[in-house]
Structures are given as structure tokens and as C-alpha cells.
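A.B. asks: Below is the file entry.pdb, which contains PDB, C-alpha atoms.
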ATOM      1  CA  MET A  30     134.921  96.260 115.397
ATOM      2  CA  LEU A  31     132.132  98.805 115.097
ATOM      3  CA  LEU A  32     134.264 100.902 112.761
ATOM      4  CA  ALA A  33     134.904  97.867 110.574
ATOM      5  CA  ASP A  34     131.156  97.290 110.419
ATOM      6  CA  LEU A  35     130.812 100.893 109.156
ATOM      7  CA  HIS A  36     133.668 100.447 106.640
ATOM      8  CA  LEU A  37     135.758 103.149 108.368
ATOM      9  CA  LYS A  38     139.189 101.655 107.832
ATOM     10  CA  SER A  39     141.521 104.599 108.427
ATOM     11  CA  HIS A  40     142.014 107.600 110.667
ATOM     12  CA  ALA A  41     141.045 109.926 107.802
ATOM     13  CA  GLU A  42     137.795 108.056 107.150
ATOM     14  CA  PHE A  43     136.953 108.146 110.841
ATOM     15  CA  LEU A  44     137.571 111.917 110.998
ATOM     16  CA  SER A  45     135.244 112.468 108.053
ATOM     17  CA  ALA A  46     132.440 110.535 109.771
ATOM     18  CA  TYR A  47     133.265 112.253 113.102
ATOM     19  CA  ASP A  48     132.925 115.750 111.564
ATOM     20  CA  ARG A  49     129.586 114.853 109.932
ATOM     21  CA  CYS A  50     128.127 113.717 113.257
ATOM     22  CA  ALA A  51     129.691 116.635 115.139
ATOM     23  CA  ALA A  52     127.954 119.100 112.813
ATOM     24  CA  GLN A  53     124.558 117.586 113.720
ATOM     25  CA  LEU A  54     124.885 118.288 117.442
ATOM     26  CA  ASP A  55     123.239 121.215 119.202
ATOM     27  CA  PRO A  56     125.414 123.150 119.651
ATOM     28  CA  PRO A  57     127.611 121.684 116.893
ATOM     29  CA  VAL A  58     131.248 120.783 117.374
ATOM     30  CA  PRO A  59     133.311 122.626 114.720
ATOM     31  CA  PRO A  60     135.271 120.655 112.096
ATOM     32  CA  GLY A  61     138.825 119.742 113.038
ATOM     33  CA  TYR A  62     138.124 118.762 116.639
ATOM     34  CA  GLY A  63     138.418 115.028 116.002
ATOM     35  CA  PRO A  64     141.131 112.978 117.691
ATOM     36  CA  ALA A  65     144.719 113.189 116.472
ATOM     37  CA  LYS A  66     146.128 110.051 114.907
ATOM     38  CA  THR A  67     147.973 108.902 118.029
ATOM     39  CA  GLN A  68     144.911 109.580 120.155
ATOM     40  CA  PHE A  69     142.694 107.697 117.700
ATOM     41  CA  TYR A  70     144.843 104.575 117.879
ATOM     42  CA  ARG A  71     144.946 104.870 121.667
ATOM     43  CA  TRP A  72     141.139 104.742 121.581
ATOM     44  CA  LEU A  73     141.365 101.522 119.582
ATOM     45  CA  SER A  74     144.014  99.933 121.793
ATOM     46  CA  GLY A  75     141.698  98.751 124.558
ATOM     47  CA  ARG A  76     144.003 100.366 127.136
ATOM     48  CA  MET A  77     142.191 103.668 127.666
ATOM     49  CA  VAL A  78     142.326 105.118 131.174
ATOM     50  CA  GLY A  79     139.145 107.075 131.804
ATOM     51  CA  LEU A  80     137.055 108.544 128.981
ATOM     52  CA  PRO A  81     137.736 111.143 126.266
ATOM     53  CA  ARG A  82     136.830 114.798 126.736
ATOM     54  CA  ASP A  83     133.148 115.714 126.983
ATOM     55  CA  TYR A  84     132.769 116.921 123.381
ATOM     56  CA  HIS A  85     134.311 113.670 122.108
ATOM     57  CA  CYS A  86     131.765 111.740 124.165
ATOM     58  CA  ARG A  87     128.914 113.762 122.667
ATOM     59  CA  VAL A  88     130.088 113.050 119.122
ATOM     60  CA  LEU A  89     130.696 109.351 119.782
ATOM     61  CA  ALA A  90     127.199 108.993 121.256
ATOM     62  CA  LYS A  91     125.842 110.502 118.030
ATOM     63  CA  MET A  92     127.974 108.231 115.835
ATOM     64  CA  PHE A  93     126.933 105.062 117.661
ATOM     65  CA  PRO A  94     123.282 105.312 118.740
ATOM     66  CA  GLY A  95     122.329 102.784 121.382
ATOM     67  CA  TRP A  96     125.865 102.557 122.819
ATOM     68  CA  THR A  97     127.116 104.283 125.955
ATOM     69  CA  VAL A  98     130.577 105.813 125.776
ATOM     70  CA  GLU A  99     131.703 103.459 128.538
ATOM     71  CA  ARG A 100     130.690 100.428 126.472
ATOM     72  CA  LEU A 101     132.433 101.794 123.380
ATOM     73  CA  PHE A 102     135.788 101.614 125.165
ATOM     74  CA  GLN A 103     135.325  98.101 126.524
ATOM     75  CA  THR A 104     136.922  95.119 124.815
ATOM     76  CA  ALA A 105     134.672  92.361 123.461
ATOM     77  CA  GLU A 106     134.666  89.393 121.124
ATOM     78  CA  ALA A 107     133.780  90.097 117.505
ATOM     79  CA  ALA A 108     130.593  88.061 117.232
ATOM     80  CA  PRO A 109     128.829  89.449 120.342
ATOM     81  CA  ILE A 110     129.711  93.055 119.561
ATOM     82  CA  VAL A 111     128.448  92.891 115.982
ATOM     83  CA  ALA A 112     125.260  91.255 117.226
ATOM     84  CA  ARG A 113     124.732  93.993 119.826
ATOM     85  CA  ALA A 114     125.398  96.653 117.224
ATOM     86  CA  HIS A 115     122.563  95.339 115.092
ATOM     87  CA  GLU A 116     120.294  94.833 118.091
ATOM     88  CA  SER A 117     120.773  98.466 119.062
ATOM     89  CA  GLY A 118     119.817  99.660 115.594
ATOM     90  CA  LEU A 119     123.323 100.464 114.374
ATOM     91  CA  LEU A 120     123.673  99.368 110.756
ATOM     92  CA  GLY A 121     126.586 100.067 108.472
ATOM     93  CA  ALA A 122     124.268 101.655 105.911
ATOM     94  CA  ASP A 123     123.305 104.487 108.281
ATOM     95  CA  ILE A 124     126.437 106.552 107.681
ATOM     96  CA  GLU A 125     126.519 105.696 103.976
ATOM     97  CA  LEU A 126     122.860 106.607 103.599
ATOM     98  CA  GLY A 127     123.550 109.795 105.513
ATOM     99  CA  GLU A 128     125.765 110.924 102.654
ATOM    100  CA  PHE A 129     122.940 110.390 100.199
ATOM    101  CA  LEU A 130     119.892 111.430 102.212
ATOM    102  CA  GLY A 131     121.449 114.395 103.992
ATOM    103  CA  ALA A 132     122.199 115.051 107.637
ATOM    104  CA  GLU A 133     118.731 116.395 108.455
ATOM    105  CA  MET A 134     116.926 113.300 107.192
ATOM    106  CA  ILE A 135     119.237 111.092 109.244
ATOM    107  CA  SER A 136     118.589 113.069 112.421
ATOM    108  CA  SER A 137     114.863 113.796 111.979
ATOM    109  CA  GLY A 138     113.757 110.686 110.067
ATOM    110  CA  ILE A 139     112.821 109.803 106.506
ATOM    111  CA  THR A 140     109.502 111.023 105.092
ATOM    112  CA  LEU A 141     108.170 109.181 102.025
ATOM    113  CA  VAL A 142     105.478 111.120 100.147
ATOM    114  CA  TYR A 143     102.717 109.583  98.031
ATOM    115  CA  PRO A 144     100.257 111.548  95.854
ATOM    116  CA  THR A 145      96.512 111.536  96.532
ATOM    117  CA  PHE A 146      93.450 112.376  94.467
ATOM    118  CA  GLU A 147      90.332 113.517  96.264
ATOM    119  CA  LEU A 148      87.335 112.582  94.157
ATOM    120  CA  PRO A 149      83.697 113.644  94.684
ATOM    121  CA  LEU A 150      81.153 110.836  94.734
ATOM    122  CA  ARG A 151      79.142 112.891  92.258
ATOM    123  CA  PRO A 152      80.573 114.435  89.073
ATOM    124  CA  VAL A 153      82.047 117.862  89.713
ATOM    125  CA  GLN A 154      79.721 119.347  87.094
ATOM    126  CA  ALA A 155      76.729 118.167  89.107
ATOM    127  CA  CYS A 156      77.771 120.010  92.253
ATOM    128  CA  ARG A 157      75.565 122.947  93.104
ATOM    129  CA  THR A 158      76.989 126.428  92.764
ATOM    130  CA  ALA A 159      76.689 126.797  96.514
ATOM    131  CA  GLU A 160      79.238 124.013  96.954
ATOM    132  CA  VAL A 161      81.934 125.685  94.890
ATOM    133  CA  PRO A 162      83.639 127.397  97.885
ATOM    134  CA  TYR A 163      84.240 123.973  99.403
ATOM    135  CA  ARG A 164      86.392 122.869  96.488
ATOM    136  CA  CYS A 165      89.605 124.168  95.028
ATOM    137  CA  THR A 166      91.719 123.125  92.051
ATOM    138  CA  PHE A 167      95.494 122.781  92.193
ATOM    139  CA  GLY A 168      97.102 122.071  88.826
ATOM    140  CA  GLY A 169      94.115 120.150  87.448
ATOM    141  CA  LYS A 170      93.629 117.919  90.498
ATOM    142  CA  VAL A 171      90.234 118.122  92.128
ATOM    143  CA  ARG A 172      91.070 118.890  95.729
ATOM    144  CA  ALA A 173      88.734 119.067  98.715
ATOM    145  CA  CYS A 174      88.974 121.574 101.516
ATOM    146  CA  ALA A 175      88.596 119.864 104.881
ATOM    147  CA  ALA A 176      87.719 116.638 103.070
ATOM    148  CA  GLU A 177      87.890 114.617 106.259
ATOM    149  CA  HIS A 178      84.704 116.355 107.413
ATOM    150  CA  ARG A 179      82.740 115.537 104.253
ATOM    151  CA  SER A 180      81.026 112.289 103.364
ATOM    152  CA  ASP A 181      80.976 112.849  99.583
ATOM    153  CA  ILE A 182      84.749 112.701  99.086
ATOM    154  CA  LEU A 183      86.814 109.632  98.172
ATOM    155  CA  VAL A 184      90.608 109.586  98.348
ATOM    156  CA  ALA A 185      92.352 107.601  95.592
ATOM    157  CA  LEU A 186      96.013 106.528  95.570
ATOM    158  CA  PRO A 187      97.784 106.065  92.199
ATOM    159  CA  GLN A 188      99.030 102.488  91.965
ATOM    160  CA  LYS A 189     102.377 103.143  90.233
ATOM    161  CA  GLU A 190     103.542 105.781  92.690
ATOM    162  CA  VAL A 191     102.555 103.679  95.711
ATOM    163  CA  ARG A 192     104.339 100.640  94.263
ATOM    164  CA  GLY A 193     107.455 102.749  93.767
ATOM    165  CA  LEU A 194     107.252 104.050  97.338
ATOM    166  CA  LEU A 195     107.068 100.471  98.620
ATOM    167  CA  TYR A 196     110.258  99.515  96.730
ATOM    168  CA  VAL A 197     112.167 102.254  98.548
ATOM    169  CA  PHE A 198     110.438 101.666 101.889
ATOM    170  CA  SER A 199     111.304  97.959 101.789
ATOM    171  CA  VAL A 200     115.015  98.606 101.230
ATOM    172  CA  LEU A 201     115.200 101.321 103.888
ATOM    173  CA  GLN A 202     113.385  99.160 106.415
ATOM    174  CA  ARG A 203     115.762  96.239 105.858
ATOM    175  CA  HIS A 204     119.032  98.131 105.832
ATOM    176  CA  THR A 205     118.759 101.063 108.211
ATOM    177  CA  ALA A 206     117.483 101.931 111.686
ATOM    178  CA  ILE A 207     116.460 105.456 110.640
ATOM    179  CA  SER A 208     112.803 106.149 111.455
ATOM    180  CA  ILE A 209     110.465 106.204 108.429
ATOM    181  CA  GLU A 210     107.206 108.152 108.075
ATOM    182  CA  ILE A 211     104.748 107.927 105.147
ATOM    183  CA  ARG A 212     102.676 111.041 104.356
ATOM    184  CA  SER A 213     100.446 112.374 101.594
ATOM    185  CA  ASP A 214     101.536 115.167  99.260
ATOM    186  CA  ARG A 215      98.745 117.374 100.599
ATOM    187  CA  ASP A 216     100.158 117.113 104.122
ATOM    188  CA  ILE A 217     103.696 117.907 103.005
ATOM    189  CA  VAL A 218     102.786 120.872 100.775
ATOM    190  CA  ALA A 219     100.907 122.338 103.728
ATOM    191  CA  ASP A 220     103.990 121.863 105.940
ATOM    192  CA  SER A 221     107.023 121.603 103.639
ATOM    193  CA  ASP A 222     109.653 122.677 106.185
ATOM    194  CA  ARG A 223     111.297 119.235 106.192
ATOM    195  CA  PRO A 224     113.343 116.835 104.041
ATOM    196  CA  TYR A 225     111.465 114.153 102.112
ATOM    197  CA  ILE A 226     111.448 111.638  99.245
ATOM    198  CA  SER A 227     108.534 112.241  96.877
ATOM    199  CA  PHE A 228     107.063 109.854  94.270
ATOM    200  CA  GLY A 229     105.323 110.921  91.068
ATOM    201  CA  LEU A 230     105.512 113.760  88.538
ATOM    202  CA  THR A 231     102.570 116.136  88.109
ATOM    203  CA  CYS A 232     100.257 113.873  90.100
ATOM    204  CA  ASN A 233     102.333 114.757  93.183
ATOM    205  CA  ASP A 234     101.899 118.276  94.525
ATOM    206  CA  CYS A 235     105.440 118.232  95.956
ATOM    207  CA  THR A 236     106.900 117.865  92.472
ATOM    208  CA  ARG A 237     104.597 120.552  91.123
ATOM    209  CA  MET A 238     105.584 122.861  93.974
ATOM    210  CA  TYR A 239     109.255 122.386  93.097
ATOM    211  CA  LEU A 240     108.746 122.922  89.354
ATOM    212  CA  GLU A 241     106.543 125.985  89.851
ATOM    213  CA  THR A 242     108.471 127.784  92.589
ATOM    214  CA  VAL A 243     112.148 127.211  91.734
ATOM    215  CA  GLU A 244     113.606 129.699  89.277
ATOM    216  CA  ARG A 245     115.843 127.176  87.489
ATOM    217  CA  PRO A 246     114.744 123.629  88.361
ATOM    218  CA  LEU A 247     117.047 120.755  87.461
ATOM    219  CA  PHE A 248     114.354 119.299  85.207
ATOM    220  CA  THR A 249     111.162 120.438  83.499
ATOM    221  CA  LEU A 250     108.372 118.779  81.518
ATOM    222  CA  ASN A 251     107.360 119.509  77.942
ATOM    223  CA  GLY A 252     104.151 118.466  76.221
ATOM    224  CA  SER A 253     100.497 119.259  75.984
ATOM    225  CA  GLY A 254      99.916 119.401  79.761
ATOM    226  CA  ALA A 255      97.964 117.271  82.143
ATOM    227  CA  GLU A 256      94.528 118.807  81.602
ATOM    228  CA  GLY A 257      91.690 117.052  79.848
ATOM    229  CA  GLY A 258      93.324 113.642  79.736
ATOM    230  CA  SER A 259      96.445 114.758  77.840
ATOM    231  CA  HIS A 260      99.895 114.184  79.263
ATOM    232  CA  PHE A 261     103.465 115.380  79.365
ATOM    233  CA  GLU A 262     105.539 113.656  76.708
ATOM    234  CA  GLN A 263     109.092 114.844  77.258
ATOM    235  CA  LEU A 264     111.539 115.364  80.112
ATOM    236  CA  GLU A 265     114.092 118.178  79.723
ATOM    237  CA  LEU A 266     117.095 118.701  81.999
ATOM    238  CA  ARG A 267     118.724 122.005  82.785
ATOM    239  CA  ASP A 268     121.605 121.190  80.415
ATOM    240  CA  GLY A 269     119.131 121.023  77.506
ATOM    241  CA  SER A 270     119.097 117.243  77.098
ATOM    242  CA  ARG A 271     115.652 115.789  76.384
ATOM    243  CA  TYR A 272     114.153 112.350  76.915
ATOM    244  CA  ASP A 273     110.980 110.811  75.511
ATOM    245  CA  SER A 274     109.095 107.680  76.478
ATOM    246  CA  SER A 275     107.777 105.235  73.904
ATOM    247  CA  ALA A 276     105.829 101.972  73.795
ATOM    248  CA  ASP A 277     108.918  99.898  74.621
ATOM    249  CA  HIS A 278     111.036 102.456  76.510
ATOM    250  CA  ASN A 279     109.980 104.294  79.662
ATOM    251  CA  VAL A 280     111.885 107.195  81.222
ATOM    252  CA  GLY A 281     112.513 107.543  84.946
ATOM    253  CA  VAL A 282     113.954 110.542  86.771
ATOM    254  CA  ILE A 283     115.611 110.798  90.187
ATOM    255  CA  ALA A 284     116.491 114.286  91.425
ATOM    256  CA  ARG A 285     118.092 115.415  94.675
ATOM    257  CA  VAL A 286     117.881 119.145  95.399
ATOM    258  CA  ARG A 287     118.669 121.500  98.273
ATOM    259  CA  PRO A 288     115.588 123.695  98.769
ATOM    260  CA  SER A 289     117.307 126.053 101.251
ATOM    261  CA  PRO A 290     121.094 125.646 101.007
ATOM    262  CA  GLN A 291     121.887 128.657 103.180
ATOM    263  CA  LEU A 292     119.297 128.049 105.880
ATOM    264  CA  HIS A 293     119.310 124.227 105.814
ATOM    265  CA  PRO A 294     122.566 122.960 104.246
ATOM    266  CA  GLY A 295     121.863 119.388 105.378
ATOM    267  CA  ARG A 296     118.340 119.230 103.899
ATOM    268  CA  TYR A 297     117.515 117.433 100.646
ATOM    269  CA  TRP A 298     114.297 116.989  98.714
ATOM    270  CA  ILE A 299     114.458 113.842  96.580
ATOM    271  CA  PHE A 300     112.065 113.318  93.677
ATOM    272  CA  CYS A 301     111.449 109.931  92.075
ATOM    273  CA  ALA A 302     109.155 109.901  89.052
ATOM    274  CA  GLY A 303     108.890 109.040  85.381
ATOM    275  CA  LEU A 304     107.142 109.015  82.030
ATOM    276  CA  GLY A 305     105.378 105.949  80.664
ATOM    277  CA  PRO A 306     103.707 103.023  82.460
ATOM    278  CA  ARG A 307     106.923 101.970  84.235
ATOM    279  CA  GLY A 308     108.775 105.278  84.472
ATOM    280  CA  THR A 309     108.099 105.983  88.141
ATOM    281  CA  THR A 310     108.311 102.357  89.294
ATOM    282  CA  GLY A 311     111.562 101.823  87.368
ATOM    283  CA  ALA A 312     113.070 105.000  88.846
ATOM    284  CA  SER A 313     111.996 103.858  92.314
ATOM    285  CA  TRP A 314     113.547 100.431  91.759
ATOM    286  CA  TYR A 315     116.805 102.084  90.687
ATOM    287  CA  LEU A 316     116.765 104.451  93.670
ATOM    288  CA  ALA A 317     116.150 101.564  96.065
ATOM    289  CA  ASN A 318     118.906  99.364  94.650
ATOM    290  CA  SER A 319     121.504 101.787  93.233
ATOM    291  CA  TRP A 320     121.453 104.882  95.455
ATOM    292  CA  SER A 321     125.098 104.254  96.387
ATOM    293  CA  LEU A 322     126.112 104.527  92.714
ATOM    294  CA  LEU A 323     124.359 107.891  92.464
ATOM    295  CA  GLN A 324     126.123 108.986  95.633
ATOM    296  CA  ARG A 325     129.527 108.064  94.241
ATOM    297  CA  HIS A 326     128.779 110.146  91.157
ATOM    298  CA  ALA A 327     127.315 113.197  92.899
ATOM    299  CA  GLY A 328     128.919 113.373  96.345
ATOM    300  CA  ASP A 329     127.068 116.058  98.304
ATOM    301  CA  ARG A 330     125.953 118.023  95.227
ATOM    302  CA  GLU A 331     122.495 118.375  93.717
ATOM    303  CA  PHE A 332     121.840 116.080  90.780
ATOM    304  CA  VAL A 333     119.203 114.753  88.413
ATOM    305  CA  ALA A 334     119.548 111.265  86.928
ATOM    306  CA  VAL A 335     117.652 109.804  83.977
ATOM    307  CA  VAL A 336     117.109 106.044  83.811
ATOM    308  CA  GLY A 337     115.736 103.937  80.991
ATOM    309  CA  VAL A 338     113.150 101.333  81.923
ATOM    310  CA  GLY A 339     112.112  98.338  79.812
ATOM    311  CA  GLU A 340     108.473  97.606  79.069
ATOM    312  CA  ASN A 341     108.276  94.247  80.849
ATOM    313  CA  SER A 342     109.867  94.773  84.265
ATOM    314  CA  ASP A 343     110.447  97.559  86.777
ATOM    315  CA  GLY A 344     113.870  96.040  87.426
ATOM    316  CA  ALA A 345     114.939  96.245  83.769
ATOM    317  CA  VAL A 346     116.451  99.664  84.379
ATOM    318  CA  HIS A 347     119.760 101.343  83.564
ATOM    319  CA  LEU A 348     121.324 104.765  84.070
ATOM    320  CA  GLU A 349     121.254 106.839  80.876
ATOM    321  CA  HIS A 350     122.477 110.231  82.059
ATOM    322  CA  ILE A 351     123.262 112.142  85.245
ATOM    323  CA  LEU A 352     123.498 115.926  85.514
ATOM    324  CA  ILE A 353     125.396 117.081  88.595
ATOM    325  CA  GLU A 354     125.100 120.668  89.759
ATOM    326  CA  SER A 355     128.391 122.523  89.940
ATOM    327  CA  LEU A 356     129.582 123.653  93.319
ATOM    328  CA  PRO A 357     128.980 127.403  93.948
TER
END
Now that the file is in, can you turn its structure into C-alpha cells?

C.D. replies:
Amino acid sequence: MLLADLHLKSHAEFLSAYDRCAAQLDPPVPPGYGPAKTQFYRWLSGRMVGLPRDYHCRVLAKMFPGWTVERLFQTAEAAPIVARAHESGLLGADIELGEFLGAEMISSGITLVYPTFELPLRPVQACRTAEVPYRCTFGGKVRACAAEHRSDILVALPQKEVRGLLYVFSVLQRHTAISIEIRSDRDIVADSDRPYISFGLTCNDCTRMYLETVERPLFTLNGSGAEGGSHFEQLELRDGSRYDSSADHNVGVIARVRPSPQLHPGRYWIFCAGLGPRGTTGASWYLANSWSLLQRHAGDREFVAVVGVGENSDGAVHLEHILIESLP
């Protein structure tokens, strides 16, 4: 009944989910150690004598959080067991989301990253020369060093990026038991050894860090820059395709990358951003409601997707193009 709730309808599908969970253990159980077909159906028969081997028990405990191995092999009526599965935090979306978010985010929790602007209460030009060491500039954003200890600093949150974050947070909170943490881009850039979902283009230091440190990023930005009130006007993907926003057409981008494929094969950074008034919010709406479609397209590969967003609604969004990184 639990397997049906997770849409694992065959022995092969179960083995695939088993191997994914086995790889997350410490120490991991190597692929190919799942139950043989006859053993699998004996597990489902309700006539098990004793329990499976120790490593099977470890994997099953990982697959079904909140359930003891003894309880997994007890018979029960459908309604009570489904209810207990949900009460214990086991939702069918967990394994499906694991495919999209990556094994590390499933095991360590989801971090959603919003951008911040630290603004002085007085104009920067009015600051005395002696105060200059207390301030630093990162990509045109006025940043404060140890701002929490200063009374002349305000922290501003950009409305579009926060609204986009809330779209994704709301869906994750309703459909999965995975823990969710919300952090600022400054915190994450200072400690980036983790998976995360980041919102915003150049206003978010996580996106800037990716664009400025990766040799061949999946997407880049063209235009006059973000200094002095100007803005980026065009999105360019690695395949050379380019996308512009206009008065009645906004452009959103969703990218999933592996920052350290050799060291952390189960770690993804996911970027959700856009050009135009509704670019980021439209991309966030699409990510929240259509992540499974992106997963079916990309599998476990890196990808960048471009969505078109109408001028009147964040939900008026459609997929225009997806670039999927070839396997090495």
C-alpha cells in the first residue's frame, strides 16, 4: 500500500527507488543489492517470517521515514495505513521530488535563498572617508560589513523575488515532508557548501557567483549592465539562443546545475529568475507547478529552461525552450 502511494508499481521501479536511497546511507549500500524478484514479492505477501537482512532494513528505514521495519511487514487495512503514512510525514512526492531536487537536498533539507539589499540611512556619498572600510561593493550592490552591529543600515527585500520564493515554498510545504530553510544570499555566498534554490538574477549574489565563477555557465546575460540604473536586456543560453523581454512578454529562466559533480554528485543548485516585471515570478510559478515536467525532460542532467510570461498574470506562463546538458 505504501508503494502504491509512491507510484512504485513494479519490481524494477522499486529497485530504482531502493538504489537511490541505498546510495544516501553512510556507509552507502552499493547498487544491485536490492531484493530479487521472488524475494520482493515475498516481502509483499504478508507471510514474512522474521525480517530481511540488516542492510535491507537500513535501506527500508531510509525509504519510509517514520516507519519501523517491523511495522512495514505487518498487514493493515488500506485506509489506516495511508493515513499513518501521511501522519508520519511520508508523502508520495518525496521520492519524485528527490529526482528533481537531488539526493543531498532530500537528505539535508531544502534551502530557499532570497536576495537582500543593505542600504545606508544616509546617502553613500555623504559617508565620511573614515567610514569607507566598513562598506564594500559586490557587483553594484551596496553591502555592509557586520551590518547587524550598525544602526545606520537598513535591509531591503525585493518584492518580486520574495513573491516567487513564496510560490515555491507554498507548494513544497503542502506536498512534501522535507525540511525547508529560508536564508539570505549573503549567508549562502559566505557558506555555499550546500544545495539550494535561489531566486533572482543579478540582484541575488548566488546567481552572480555562479555566472562569475563557472567557466561555461548554462546561461549568461547581455546588455548594458546593472550599474547606474541600467539593466540587462537579453538572456543567452550556452547553445547560442537568445531571449528578450518586452512590454507584453516577460522572460523567465529556471536552471539546475551541479556545482561539484565529482565531489557531490547528488548536489544541485537551482536558479529561478527572469527579465521584465513578471520574469522571476512567472519562472517561480512554473517551477512550483511544473517541476515534474522539467524532470521528465531532463532526468538527472543539468538543464536550463526558458519560459514566456504574460504581462497580466504570473500564472500565464509557458515553456519556450529547454537546453539539457549532454551526459559526459

A.B. asks: Please provide as an MDAnalysis selection string all residues within 10 Å of A:Phe69, with the sequence filter that same-chain residues fewer than 3 positions apart are discarded (counting all atoms listed in the file).

C.D. replies: chainID A and resid 39:40 43:44 63:66 72:74

A.B. asks: Taking the file above as input, evaluate the PyMOL selection byres ((chain A and resi 351) around 10) and report the hits as number ranges by chain.

C.D. replies: A: 266, 282-284, 323, 326-327, 332-336, 348-350, 352-354

A.B. asks: Which distance in Å separates atom CA of A:Tyr62 and atom CA of A:Leu80, to one decimal?

C.D. replies: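 That distance, rounded to one decimal, is 16.1 Å.
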
A.B. asks: For this file, the PyMOL selection byres ((chain A and resi 221) around 12) selects which residues, as a list of chain:residue names?

C.D. replies: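 So the PyMOL selection byres ((chain A and resi 221) around 12), applied here, picks out A:Thr140, A:Val142, A:Arg212, A:Ser213, A:Asp214, A:Arg215, A:Asp216, A:Ile217, A:Val218, A:Ala219, A:Asp220, A:Asp222, A:Arg223, A:Pro224, A:Tyr225, A:Ile226, A:Ser227, A:Asp234, A:Cys235, A:Thr236, A:Met238, A:Tyr239, A:Pro288, A:Ser289, A:Arg296, A:Tyr297, A:Trp298.
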
A.B. asks: Using only C-alpha atoms, which of A:Cys232, A:Leu89, A:Ala132, A:Met77 sits nearest A:Thr145?

C.D. replies: A:Cys232

A.B. asks: Figure out the distance between atom CA of A:His85 and atom CA of A:Leu32, please, to one decimal in Å.

C.D. replies: 15.8 Å

A.B. asks: Considering all atoms listed in the file, can you say which of A:Pro56, A:Gly344, A:Gly75, A:Pro306 comes closest to A:Gln188?

C.D. replies: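 Of A:Pro56, A:Gly344, A:Gly75, A:Pro306, the one nearest A:Gln188 is A:Pro306, counting all atoms listed in the file.
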
A.B. asks: I need the residue set behind the PyMOL selection byres ((chain A and resi 311-318) around 9) for this file; please write it as a ChimeraX atom specification.

C.D. replies: /A:190,192-201,228,279-283,301-303,307-310,319-321,323,335-339,342-348

A.B. asks: For a quick check of understanding, using all atoms listed in the file, which of A:Arg76, A:His204, A:Lys91, A:Arg100 has the smallest distance to A:Tyr47?

C.D. replies: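 The shortest atom-to-atom distance to A:Tyr47 comes from A:Lys91.
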
A.B. asks: Report as JSON the centre and the edge lengths, in Å to one decimal, of the axis-aligned box holding every listed atom of stretch 91-102 of chain A, padded by 4 Å on each side.

C.D. replies:
{"center_x": 129.1, "center_y": 105.5, "center_z": 122.2, "size_x": 21.5, "size_y": 18.1, "size_z": 20.7}

A.B. asks: Any idea what the distance is between atom CA of A:Arg325 and atom CA of A:Gly95?

C.D. replies: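 About the pair atom CA of A:Arg325 and atom CA of A:Gly95: they are 28.6 Å apart.
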
A.B. asks: Under the rule that all atoms listed in the file are counted, which of A:Leu264, A:Val184, A:Val98, A:Ala51 is the nearest residue to A:Leu247?

C.D. replies: A:Leu264
